[in-house]
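Colleague: File input.cif follows (mmCIF, C-alpha atoms):
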data_my_file
loop_
_atom_site.label_atom_id
_atom_site.label_comp_id
_atom_site.auth_asym_id
_atom_site.auth_seq_id
_atom_site.Cartn_x
_atom_site.Cartn_y
_atom_site.Cartn_z
CA MET A 21 0.00 0.00 0.00
CA SER A 22 1.45 3.37 -1.01
CA ALA A 23 1.14 6.29 1.39
CA LEU A 24 -1.15 9.05 0.11
CA SER A 25 1.10 11.64 1.73
CA SER A 26 3.90 10.64 -0.64
CA ALA A 27 1.98 12.28 -3.47
CA LEU A 28 1.81 15.58 -1.58
CA PRO A 29 4.42 18.35 -1.25
CA ASP A 30 6.18 18.99 2.04
CA PHE A 31 3.95 20.80 4.52
CA PRO A 32 5.21 24.36 4.00
CA TRP A 33 5.31 25.55 7.58
CA ASP A 34 7.44 22.59 8.66
CA LEU A 35 10.16 24.07 6.45
CA LEU A 36 9.93 27.34 8.37
CA GLU A 37 10.88 25.84 11.74
CA PRO A 38 14.60 26.84 11.61
CA ALA A 39 13.68 30.47 10.92
CA LYS A 40 11.05 30.33 13.65
CA THR A 41 13.62 29.10 16.15
CA LEU A 42 15.98 31.91 15.14
CA ALA A 43 13.28 34.55 15.44
CA ALA A 44 12.20 33.20 18.82
CA SER A 45 15.71 33.79 20.17
CA HIS A 46 15.25 37.57 19.94
CA PRO A 47 15.53 39.15 23.44
CA ASP A 48 12.05 40.68 23.08
CA GLY A 49 10.52 37.50 21.66
CA ILE A 50 9.22 36.57 18.25
CA VAL A 51 6.86 38.62 16.12
CA ASP A 52 5.13 35.94 14.09
CA LEU A 53 3.77 37.42 10.87
CA SER A 54 3.98 34.16 8.93
CA VAL A 55 0.47 32.76 9.39
CA GLY A 56 -2.85 34.53 8.92
CA THR A 57 -4.35 33.31 12.19
CA PRO A 58 -6.57 35.80 14.05
CA VAL A 59 -5.38 37.02 17.46
CA ASP A 60 -8.28 39.28 18.44
CA PRO A 61 -11.29 38.16 20.52
CA VAL A 62 -14.23 36.28 19.08
CA PRO A 63 -17.13 38.78 18.98
CA GLN A 64 -19.40 38.53 22.02
CA VAL A 65 -22.54 38.13 19.90
CA VAL A 66 -20.99 35.05 18.29
CA ARG A 67 -19.78 33.56 21.57
CA GLN A 68 -23.23 33.96 23.07
CA ALA A 69 -24.83 32.21 20.11
CA LEU A 70 -22.36 29.34 20.51
CA ILE A 71 -23.26 29.04 24.20
CA ASP A 72 -26.99 29.20 23.50
CA GLY A 73 -26.60 26.43 20.91
CA ALA A 74 -24.45 24.19 23.10
CA ASP A 75 -27.27 21.85 24.14
CA ALA A 76 -27.17 19.89 20.89
CA PRO A 77 -27.30 16.14 21.61
CA GLY A 78 -28.52 15.08 18.17
CA TYR A 79 -26.74 14.91 14.83
CA PRO A 80 -26.67 18.25 13.00
CA LEU A 81 -27.72 18.64 9.37
CA THR A 82 -24.96 18.53 6.77
CA ALA A 83 -26.99 21.06 4.77
CA GLY A 84 -27.17 23.38 7.77
CA THR A 85 -30.24 24.53 9.63
CA ALA A 86 -32.91 26.49 7.81
CA LYS A 87 -31.80 29.59 9.74
CA LEU A 88 -28.20 29.11 8.68
CA ARG A 89 -29.06 28.54 5.04
CA ALA A 90 -31.15 31.72 5.07
CA ALA A 91 -28.33 33.64 6.78
CA ILE A 92 -25.80 32.44 4.20
CA ALA A 93 -28.08 33.31 1.28
CA GLY A 94 -28.82 36.72 2.77
CA TRP A 95 -25.15 37.48 3.34
CA LEU A 96 -24.21 36.42 -0.20
CA ALA A 97 -26.94 38.69 -1.56
CA ARG A 98 -25.74 41.67 0.50
CA SER A 99 -21.97 41.23 0.33
CA CYS A 100 -21.55 39.51 -3.04
CA HIS A 101 -24.43 41.33 -4.80
CA ALA A 102 -25.97 38.04 -5.93
CA SER A 103 -29.62 38.22 -6.90
CA GLY A 104 -30.37 34.79 -8.39
CA ASP A 105 -31.35 31.51 -6.76
CA LEU A 106 -28.25 30.23 -5.02
CA GLY A 107 -27.36 26.85 -3.65
CA VAL A 108 -25.67 27.28 -0.26
CA LEU A 109 -23.82 24.97 2.10
CA PRO A 110 -21.86 25.40 5.35
CA THR A 111 -18.40 23.85 5.43
CA ILE A 112 -15.89 22.87 8.10
CA GLY A 113 -13.81 25.97 7.48
CA SER A 114 -12.68 26.72 3.94
CA LYS A 115 -9.38 24.80 3.85
CA GLU A 116 -11.05 21.38 3.98
CA LEU A 117 -13.33 22.39 1.14
CA VAL A 118 -10.42 23.67 -0.95
CA ALA A 119 -8.55 20.41 -0.34
CA TRP A 120 -11.45 18.06 -1.08
CA LEU A 121 -13.57 19.97 -3.57
CA PRO A 122 -11.95 18.49 -6.72
CA THR A 123 -12.55 15.00 -5.35
CA LEU A 124 -16.10 15.84 -4.25
CA LEU A 125 -16.90 17.10 -7.75
CA GLY A 126 -15.59 13.98 -9.45
CA VAL A 127 -12.25 15.32 -10.66
CA GLY A 128 -9.80 12.44 -10.99
CA PRO A 129 -6.86 10.90 -12.85
CA GLY A 130 -6.51 12.26 -16.36
CA ASP A 131 -8.30 15.51 -15.51
CA LYS A 132 -6.62 18.92 -15.50
CA VAL A 133 -7.21 21.73 -13.01
CA VAL A 134 -6.01 25.31 -13.46
CA ILE A 135 -4.73 27.17 -10.38
CA PRO A 136 -3.13 30.64 -10.17
CA GLN A 137 0.61 31.02 -10.79
CA VAL A 138 1.06 32.27 -7.22
CA CYS A 139 -1.47 30.90 -4.77
CA TYR A 140 -2.48 29.22 -1.55
CA PRO A 141 -0.71 25.82 -1.45
CA THR A 142 -3.92 23.87 -0.73
CA TYR A 143 -5.22 24.33 -4.28
CA GLU A 144 -2.40 22.13 -5.55
CA VAL A 145 -2.83 19.71 -2.64
CA GLY A 146 -6.51 19.25 -3.53
CA VAL A 147 -5.69 18.49 -7.15
CA ARG A 148 -3.06 15.96 -6.11
CA LEU A 149 -5.44 14.29 -3.64
CA ALA A 150 -7.83 13.81 -6.55
CA GLY A 151 -5.06 12.32 -8.67
CA ALA A 152 -5.47 15.03 -11.31
CA GLU A 153 -2.92 17.27 -13.05
CA VAL A 154 -2.15 20.85 -12.02
CA ILE A 155 -1.78 23.67 -14.55
CA ARG A 156 -0.42 26.89 -13.04
CA SER A 157 -1.57 29.81 -15.16
CA ASP A 158 -3.07 33.29 -14.79
CA SER A 159 -3.85 33.40 -18.52
CA LEU A 160 -6.47 31.04 -19.84
CA THR A 161 -5.34 31.71 -23.40
CA ALA A 162 -1.97 30.25 -22.39
CA VAL A 163 -3.74 27.03 -21.38
CA GLY A 164 -4.39 26.48 -25.07
CA PRO A 165 -6.41 23.49 -26.25
CA GLU A 166 -6.09 21.59 -22.96
CA ARG A 167 -9.36 20.10 -21.72
CA VAL A 168 -9.82 21.56 -18.25
CA LYS A 169 -12.21 20.17 -15.65
CA LEU A 170 -11.98 22.91 -13.00
CA ILE A 171 -10.52 26.42 -12.65
CA TRP A 172 -9.56 27.97 -9.32
CA ILE A 173 -9.47 31.74 -9.07
CA ASN A 174 -8.66 33.70 -5.92
CA SER A 175 -9.58 37.33 -5.45
CA PRO A 176 -8.48 39.00 -3.24
CA SER A 177 -5.44 36.78 -3.58
CA ASN A 178 -3.65 34.99 -0.82
CA PRO A 179 -0.73 35.78 -0.75
CA THR A 180 -0.48 38.73 -3.16
CA GLY A 181 -3.57 40.75 -2.24
CA ARG A 182 -4.33 41.22 -5.93
CA VAL A 183 -7.96 41.98 -6.85
CA LEU A 184 -9.43 40.71 -10.13
CA PRO A 185 -11.82 43.17 -11.81
CA ALA A 186 -15.32 42.18 -12.87
CA GLU A 187 -14.33 42.17 -16.55
CA HIS A 188 -11.65 39.54 -15.90
CA LEU A 189 -14.07 37.40 -13.91
CA ARG A 190 -16.64 37.56 -16.72
CA LYS A 191 -14.03 36.36 -19.22
CA VAL A 192 -13.05 33.44 -16.98
CA VAL A 193 -16.67 32.36 -16.55
CA ALA A 194 -17.36 32.65 -20.28
CA TRP A 195 -14.19 30.71 -21.19
CA ALA A 196 -15.09 27.94 -18.74
CA ARG A 197 -18.68 27.65 -19.91
CA GLU A 198 -17.58 27.29 -23.52
CA ARG A 199 -15.51 24.29 -22.44
CA GLY A 200 -17.78 22.76 -19.81
CA ALA A 201 -15.38 23.57 -16.96
CA ILE A 202 -16.32 24.55 -13.41
CA VAL A 203 -15.14 27.89 -11.98
CA VAL A 204 -14.49 28.02 -8.23
CA SER A 205 -13.64 31.40 -6.75
CA ASP A 206 -11.94 31.56 -3.34
CA GLU A 207 -13.19 34.84 -1.89
CA CYS A 208 -12.25 34.47 1.77
CA TYR A 209 -10.84 38.03 1.91
CA LEU A 210 -13.68 39.69 -0.01
CA THR A 211 -14.61 42.11 2.80
CA LEU A 212 -11.03 43.32 3.27
CA GLY A 213 -10.48 45.63 0.32
CA TRP A 214 -8.12 48.55 1.01
CA GLU A 215 -7.06 50.14 -2.27
CA ALA A 216 -9.51 48.28 -4.50
CA GLU A 217 -13.09 47.03 -4.13
CA PRO A 218 -13.16 43.23 -4.51
CA VAL A 219 -15.87 41.75 -6.73
CA SER A 220 -17.46 38.36 -6.17
CA VAL A 221 -17.83 35.90 -9.02
CA LEU A 222 -21.48 35.70 -7.91
CA ALA A 223 -22.08 39.42 -8.50
CA ASP A 224 -24.74 40.30 -11.04
CA GLU A 225 -22.15 42.24 -13.07
CA VAL A 226 -20.24 38.96 -13.53
CA THR A 227 -22.87 36.25 -13.89
CA GLY A 228 -26.14 38.17 -14.26
CA GLY A 229 -27.82 35.83 -11.80
CA ASP A 230 -26.90 32.69 -13.77
CA TYR A 231 -24.61 30.60 -11.56
CA THR A 232 -24.30 27.59 -13.85
CA GLY A 233 -20.88 26.03 -13.33
CA VAL A 234 -19.84 28.66 -10.77
CA LEU A 235 -19.08 28.38 -7.05
CA ALA A 236 -17.77 30.89 -4.50
CA VAL A 237 -15.96 29.83 -1.33
CA HIS A 238 -16.07 32.04 1.79
CA SER A 239 -14.83 31.88 5.35
CA LEU A 240 -15.68 33.47 8.69
CA SER A 241 -12.16 32.90 9.99
CA LYS A 242 -10.77 36.33 9.10
CA ARG A 243 -13.99 38.34 8.88
CA SER A 244 -15.19 37.33 12.34
CA ASN A 245 -12.07 35.88 14.06
CA LEU A 246 -13.54 32.37 13.84
CA ALA A 247 -10.57 30.34 12.63
CA GLY A 248 -10.93 28.19 15.76
CA TYR A 249 -14.59 27.50 15.00
CA ARG A 250 -13.89 26.09 11.50
CA ALA A 251 -16.76 27.99 9.90
CA GLY A 252 -16.88 28.33 6.13
CA LEU A 253 -19.44 28.27 3.36
CA VAL A 254 -19.91 27.77 -0.35
CA GLY A 255 -22.56 29.23 -2.63
CA GLY A 256 -23.41 29.20 -6.31
CA ASP A 257 -24.75 26.73 -8.86
CA PRO A 258 -27.59 24.84 -7.09
CA ALA A 259 -26.81 21.64 -9.01
CA LEU A 260 -23.14 21.69 -7.95
CA VAL A 261 -24.04 22.50 -4.35
CA ALA A 262 -26.53 19.61 -4.36
CA GLU A 263 -23.77 17.28 -5.56
CA LEU A 264 -21.43 18.52 -2.82
CA LEU A 265 -24.18 17.95 -0.25
CA ALA A 266 -24.92 14.44 -1.49
CA VAL A 267 -21.30 13.35 -1.18
CA ARG A 268 -20.63 15.20 2.07
CA LYS A 269 -23.61 13.51 3.73
CA HIS A 270 -22.04 10.13 3.00
CA ALA A 271 -18.64 11.32 4.23
CA GLY A 272 -19.90 12.88 7.47
CA MET A 273 -18.58 16.33 6.60
CA ILE A 274 -20.84 18.18 9.03
CA VAL A 275 -20.46 21.54 10.76
CA PRO A 276 -21.24 21.06 14.49
CA ALA A 277 -24.64 22.40 15.57
CA PRO A 278 -23.28 25.01 18.04
CA VAL A 279 -20.98 26.35 15.33
CA GLN A 280 -23.92 26.55 12.93
CA ALA A 281 -25.73 28.72 15.48
CA ALA A 282 -22.64 30.89 15.88
CA MET A 283 -22.39 31.30 12.10
CA VAL A 284 -25.92 32.70 11.97
CA ALA A 285 -25.01 35.35 14.53
CA ALA A 286 -21.77 36.21 12.72
CA LEU A 287 -23.40 36.53 9.31
CA GLU A 288 -26.23 38.70 10.60
CA ASP A 289 -24.02 41.19 12.47
CA GLU A 290 -21.80 43.71 10.66
CA GLU A 291 -20.74 45.84 13.64
CA HIS A 292 -18.01 43.44 14.72
CA VAL A 293 -16.80 43.21 11.12
CA ALA A 294 -16.31 46.97 10.94
CA GLN A 295 -14.44 46.97 14.26
CA GLN A 296 -12.09 44.20 13.14
CA ARG A 297 -11.52 45.86 9.80
CA ALA A 298 -10.43 49.03 11.60
CA ARG A 299 -7.89 47.04 13.62
CA TYR A 300 -6.41 45.49 10.51
CA SER A 301 -6.34 48.82 8.70
CA ALA A 302 -4.24 50.41 11.47
CA ARG A 303 -1.84 47.45 11.56
CA ARG A 304 -1.55 47.51 7.79
CA ASP A 305 -0.60 51.19 7.81
CA THR A 306 2.08 50.59 10.44
CA LEU A 307 3.63 47.59 8.72
CA ARG A 308 3.50 49.05 5.23
CA ALA A 309 5.29 52.23 6.29
CA ALA A 310 7.92 50.27 8.23
CA LEU A 311 8.61 47.85 5.38
CA SER A 312 8.92 50.64 2.84
CA LYS A 313 11.40 52.51 5.03
CA ALA A 314 13.38 49.28 5.44
CA GLY A 315 13.85 48.99 1.69
CA PHE A 316 11.03 46.66 0.72
CA GLU A 317 8.89 47.08 -2.36
CA ILE A 318 5.23 46.25 -1.80
CA SER A 319 3.58 44.44 -4.72
CA HIS A 320 -0.21 44.37 -5.22
CA SER A 321 -1.50 44.11 -1.61
CA GLU A 322 -4.58 46.17 -2.40
CA ALA A 323 -6.79 43.83 -0.36
CA GLY A 324 -6.61 41.01 2.16
CA LEU A 325 -4.60 40.46 5.32
CA TYR A 326 -1.08 40.38 3.91
CA LEU A 327 1.61 42.61 2.48
CA TRP A 328 3.41 41.02 -0.46
CA ALA A 329 6.94 42.38 -0.13
CA THR A 330 10.28 41.97 -1.86
CA ARG A 331 13.88 43.14 -1.55
CA GLY A 332 14.78 41.72 -4.95
CA GLU A 333 16.58 38.74 -3.43
CA ASP A 334 15.84 35.08 -2.80
CA CYS A 335 12.87 34.83 -0.44
CA TRP A 336 14.68 32.53 1.98
CA GLN A 337 17.45 35.13 2.34
CA THR A 338 14.80 37.71 3.22
CA VAL A 339 13.20 35.30 5.69
CA ASP A 340 16.58 34.86 7.37
CA ARG A 341 17.22 38.63 7.53
CA LEU A 342 13.84 39.15 9.20
CA ALA A 343 14.29 36.21 11.57
CA ARG A 344 17.54 37.76 12.84
CA ARG A 345 15.39 40.71 13.90
CA GLY A 346 12.90 38.38 15.57
CA ILE A 347 10.31 38.69 12.78
CA LEU A 348 8.92 35.58 11.10
CA ALA A 349 7.55 35.89 7.55
CA ALA A 350 6.34 33.33 5.02
CA PRO A 351 8.63 32.81 2.00
CA GLY A 352 7.09 33.30 -1.41
CA ALA A 353 8.36 29.86 -2.42
CA PHE A 354 5.44 28.40 -0.46
CA TYR A 355 3.06 29.86 -3.04
CA GLY A 356 4.67 28.83 -6.31
CA PRO A 357 7.90 29.05 -8.32
CA ALA A 358 7.01 32.52 -9.64
CA ALA A 359 7.13 33.95 -6.10
CA ALA A 360 10.75 33.14 -5.28
CA GLN A 361 11.71 36.74 -4.43
CA HIS A 362 8.76 37.73 -2.25
CA VAL A 363 7.71 37.22 1.35
CA ARG A 364 4.22 37.36 2.80
CA ILE A 365 3.78 39.58 5.85
CA ALA A 366 0.57 38.97 7.82
CA MET A 367 -1.34 41.67 9.69
CA THR A 368 -2.65 39.11 12.16
CA ALA A 369 -0.61 40.07 15.20
CA THR A 370 -1.49 42.21 18.20
CA ASP A 371 -0.98 45.96 18.09
CA GLU A 372 1.96 45.54 20.48
CA ARG A 373 3.68 42.93 18.30
CA VAL A 374 3.08 44.96 15.13
CA ALA A 375 4.64 48.00 16.82
CA ALA A 376 7.59 45.82 17.88
CA ALA A 377 8.07 44.67 14.30
CA ALA A 378 8.05 48.28 13.08
CA ASP A 379 10.68 49.25 15.65
CA ARG A 380 12.93 46.35 14.65
CA LEU A 381 12.58 47.15 10.95
CA ALA A 382 13.63 50.72 11.73
CA GLU A 383 16.91 49.34 13.08
CA GLY A 384 17.67 48.01 9.59
CA LEU A 385 18.25 44.58 8.11
#
Reformat the file's structure so that it appears as structure tokens.

Modeller:
Amino acid sequence: MSALSSALPDFPWDLLEPAKTLAASHPDGIVDLSVGTPVDPVPQVVRQALIDGADAPGYPLTAGTAKLRAAIAGWLARSCHASGDLGVLPTIGSKELVAWLPTLLGVGPGDKVVIPQVCYPTYEVGVRLAGAEVIRSDSLTAVGPERVKLIWINSPSNPTGRVLPAEHLRKVVAWARERGAIVVSDECYLTLGWEAEPVSVLADEVTGGDYTGVLAVHSLSKRSNLAGYRAGLVGGDPALVAELLAVRKHAGMIVPAPVQAAMVAALEDEEHVAQQRARYSARRDTLRAALSKAGFEISHSEAGLYLWATRGEDCWQTVDRLARRGILAAPGAFYGPAAAQHVRIAMTATDERVAAAADRLAEGL
């Protein structure tokens, strides 16, 4: 029996351990800007909903409660400007969906899946788990005559923060429909636009209310500080969502009932979202100014929770420079060969740690 893990790349963050050890040796401790994990409190309205839903002895619905499905549909209508009839489904965070979605949709050996040139590593992992072939490309015309089963797009991008305009999204959807391919848009950072307004693939200006062959993936991890709750969702083509539901019911991929209740509260409240956005905006301003003064060039980064920075050198050299100042960043090599000279700087650290990073950058590298 061959180990499935042998078909997968090294887990990226395991490779970062030496730099993490070096950064942790700083007299004032590490400033970990390598992972986009929230550090601020879970909103009280969400915690209360979790508590109120804690008496849940029975099995929850894979499809989600009626209240949750309505909350998801309502949020997609408000935030993604979708007006048609959507299929919706809660997921156990977004990473598990990204990893298993090709398999759940029947992608397999001999099939080809397009992912961005520079992107979240789990897109490639999901394709490999399905036994399919990865094509890294930001230009569908460059794909040529290849028969493609699925196309991943990511806007705002992790790690680059790049935002794809509505015109580009329309072209991707049209290209895919001509070829019978599925478009899946990872939009987990949609509400965190800074210098550009992100557009959902579900927006009327993209699909006109026709979601055939189109799905959008969202997460409450960053928007509502719920990474620990594993609360995600997918919406779009009702037929595709029905297929995902049918398979997920067999596989037991179910969001726990208390988390479903918490998701309803999170999706129906925007006050906490505005407060968290303000925190990230202030941290972004501090880090961007400090990196620029330290000689970094910031690429894209118009949305999302990261600054995509370069010194024009190998990314691992930059990681080492930062680690010697007690700052841990993610090397661009994690996100694809085309990113070998960039590092990803996360804004998900406390105000105190962000200020510490700025002070250390001011000392020079």

Colleague: Measure the distance from CA of Asp230 (chain A) to CA of Ile112 (chain A) in Å and round it to one decimal.

Modeller: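 So the answer is 26.4 Å.
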
Colleague: Of the residues A:Val154, A:Ile347, A:Met367, A:Ala314, which is the one nearest to Trp328 (chain A), using only C-alpha atoms?

Modeller: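 Of the candidates, the smallest distance to Trp328 (chain A) is held by A:Met367.
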
Colleague: Name the closest residue to Thr142 (chain A) among the candidates A:Asn178, A:Thr232, A:Thr82, A:Thr161; distances are taken between atoms, counting all atoms listed in the file.

Modeller: A:Asn178

Colleague: I need the residue set behind the PyMOL selection byres ((chain A and resi 51) around 7) for this file; please write it as an MDAnalysis selection string.

Modeller: chainID A and resid 49:50 52:53 346:348 373 377

Colleague: Apply the PyMOL selection byres ((chain A and resi 197) around 12) to the file shown and report the selected residues as a list in words.

Modeller: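 Selected by the PyMOL selection byres ((chain A and resi 197) around 12) in this file: Val168, Lys169, Leu170, Ile171, Arg190, Lys191, Val192, Val193, Ala194, Trp195, Ala196, Glu198, Arg199, Gly200, Ala201, Ile202, Val203, Thr227, Asp230, Tyr231, Thr232, Gly233 and Val234 of chain A.
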
Colleague: Now that the selection is made, can you save its residues with C-alpha atoms as a compact mmCIF listing (two decimals), in the frame of the given file?

Modeller:
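again27.txt, freshly written:
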# COMPACT_ATOMS: atom_id res chain seq x y z
CA VAL A 168 -9.82 21.56 -18.25
CA LYS A 169 -12.21 20.17 -15.65
CA LEU A 170 -11.98 22.91 -13.00
CA ILE A 171 -10.52 26.42 -12.65
CA ARG A 190 -16.64 37.56 -16.72
CA LYS A 191 -14.03 36.36 -19.22
CA VAL A 192 -13.05 33.44 -16.98
CA VAL A 193 -16.67 32.36 -16.55
CA ALA A 194 -17.36 32.65 -20.28
CA TRP A 195 -14.19 30.71 -21.19
CA ALA A 196 -15.09 27.94 -18.74
CA GLU A 198 -17.58 27.29 -23.52
CA ARG A 199 -15.51 24.29 -22.44
CA GLY A 200 -17.78 22.76 -19.81
CA ALA A 201 -15.38 23.57 -16.96
CA ILE A 202 -16.32 24.55 -13.41
CA VAL A 203 -15.14 27.89 -11.98
CA THR A 227 -22.87 36.25 -13.89
CA ASP A 230 -26.90 32.69 -13.77
CA TYR A 231 -24.61 30.60 -11.56
CA THR A 232 -24.30 27.59 -13.85
CA GLY A 233 -20.88 26.03 -13.33
CA VAL A 234 -19.84 28.66 -10.77

Colleague: List, as a compact mmCIF listing (two decimals) with C-alpha atoms, in the coordinates of the input, every residue that the PyMOL selection byres ((chain A and resi 152) around 7) selects in the file provided.

Modeller:
# COMPACT_ATOMS: atom_id res chain seq x y z
CA VAL A 127 -12.25 15.32 -10.66
CA GLY A 128 -9.80 12.44 -10.99
CA PRO A 129 -6.86 10.90 -12.85
CA GLY A 130 -6.51 12.26 -16.36
CA ASP A 131 -8.30 15.51 -15.51
CA LYS A 132 -6.62 18.92 -15.50
CA VAL A 147 -5.69 18.49 -7.15
CA ARG A 148 -3.06 15.96 -6.11
CA ALA A 150 -7.83 13.81 -6.55
CA GLY A 151 -5.06 12.32 -8.67
CA GLU A 153 -2.92 17.27 -13.05
CA VAL A 154 -2.15 20.85 -12.02

Colleague: For each of A:Leu222, A:Ala27, A:Ala329, A:Met273, take the minimum atom-to-atom distance to Tyr79 (chain A), counting only C-alpha atoms, then give the residue where this is smallest.

Modeller: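 Counting only C-alpha atoms, the residue closest to Tyr79 (chain A) is A:Met273.
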
Colleague: What is the CA of Arg331 (chain A)-CA of Arg344 (chain A) distance in Å, reported with one decimal?

Modeller: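 If I compute the distance from CA of Arg331 (chain A) to CA of Arg344 (chain A), I get 15.8 Å.
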
Colleague: How many Å separate CA of Asp30 (chain A) from CA of Leu246 (chain A)?

Modeller: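 Going from CA of Asp30 (chain A) over to CA of Leu246 (chain A), I get 26.6 Å.
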
Colleague: Quick one: contact table of region 36-104 of chain A to region 299-311 of chain A, 12 Å max, nearest atom pair and distance in Å to one decimal per residue, counting all atoms listed in the file, chain and number order, as a tab-separated table?

Modeller:
residue	atom	partner	partner_atom	distance
A:Leu53	CA	A:Leu307	CA	10.4
A:Gly56	CA	A:Tyr300	CA	11.6
A:Pro58	CA	A:Tyr300	CA	10.3
A:Val59	CA	A:Tyr300	CA	11.0
A:Asp60	CA	A:Arg299	CA	9.1
A:Pro61	CA	A:Arg299	CA	11.7

Colleague: Check the smallest atom-to-atom distance from each of A:Ala43, A:Ile155, A:Val108, A:Ala323 to Leu96 (chain A) using only C-alpha atoms, then report the winner.

Modeller: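 Of all the options, A:Val108 lies closest to Leu96 (chain A).
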
Colleague: Find the residues around Ser205 (chain A) up to 7 Å (all atoms listed in the file counted), leave out those fewer than 5 positions away in its own chain, and share them as a list in words.

Modeller: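 The filter keeps Trp172, Ile173, Asn174, Val221, Leu235, Ala236 and Val237 of chain A.
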
Colleague: Box along x, y and z, 3 Å on every side, all listed atoms of region 324-341 of chain A inside: centre and edge lengths in Å to one decimal, as lines of an AutoDock Vina configuration file.

Modeller:
center_x = 5.4
center_y = 37.8
center_z = 1.3
size_x = 30.1
size_y = 16.6
size_z = 18.5

Colleague: For Gly356 (chain A), which of A:Pro136, A:Asp72, A:Pro122, A:Leu106 is the closest residue, counting only C-alpha atoms?

Modeller: A:Pro136

Colleague: Residues near Leu385 (chain A), anyone? I mean within 10 Å using all atoms listed in the file, not counting same-chain ones fewer than 4 positions away, as a ChimeraX atom specification.

Modeller: /A:314-315,338,340-345,380-381

Colleague: Using all atoms listed in the file, collect all residues at a distance of at most 7 Å from (-2.7, 30.6, -15.7) as written in the file, then present them as a compact mmCIF listing (two decimals) with C-alpha atoms, keeping the file's coordinate frame.

Modeller:
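Saved the output as part.txt:
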# COMPACT_ATOMS: atom_id res chain seq x y z
CA VAL A 134 -6.01 25.31 -13.46
CA ILE A 135 -4.73 27.17 -10.38
CA PRO A 136 -3.13 30.64 -10.17
CA GLN A 137 0.61 31.02 -10.79
CA ARG A 156 -0.42 26.89 -13.04
CA SER A 157 -1.57 29.81 -15.16
CA ASP A 158 -3.07 33.29 -14.79
CA SER A 159 -3.85 33.40 -18.52
CA LEU A 160 -6.47 31.04 -19.84
CA ALA A 162 -1.97 30.25 -22.39
CA VAL A 163 -3.74 27.03 -21.38

Colleague: Looking at all atoms listed in the file, which of A:Ile274, A:Leu36, A:Ala360, A:Val62 is the one that sits closest to Gln296 (chain A)?

Modeller: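 Closest to Gln296 (chain A), using all atoms listed in the file: A:Val62.
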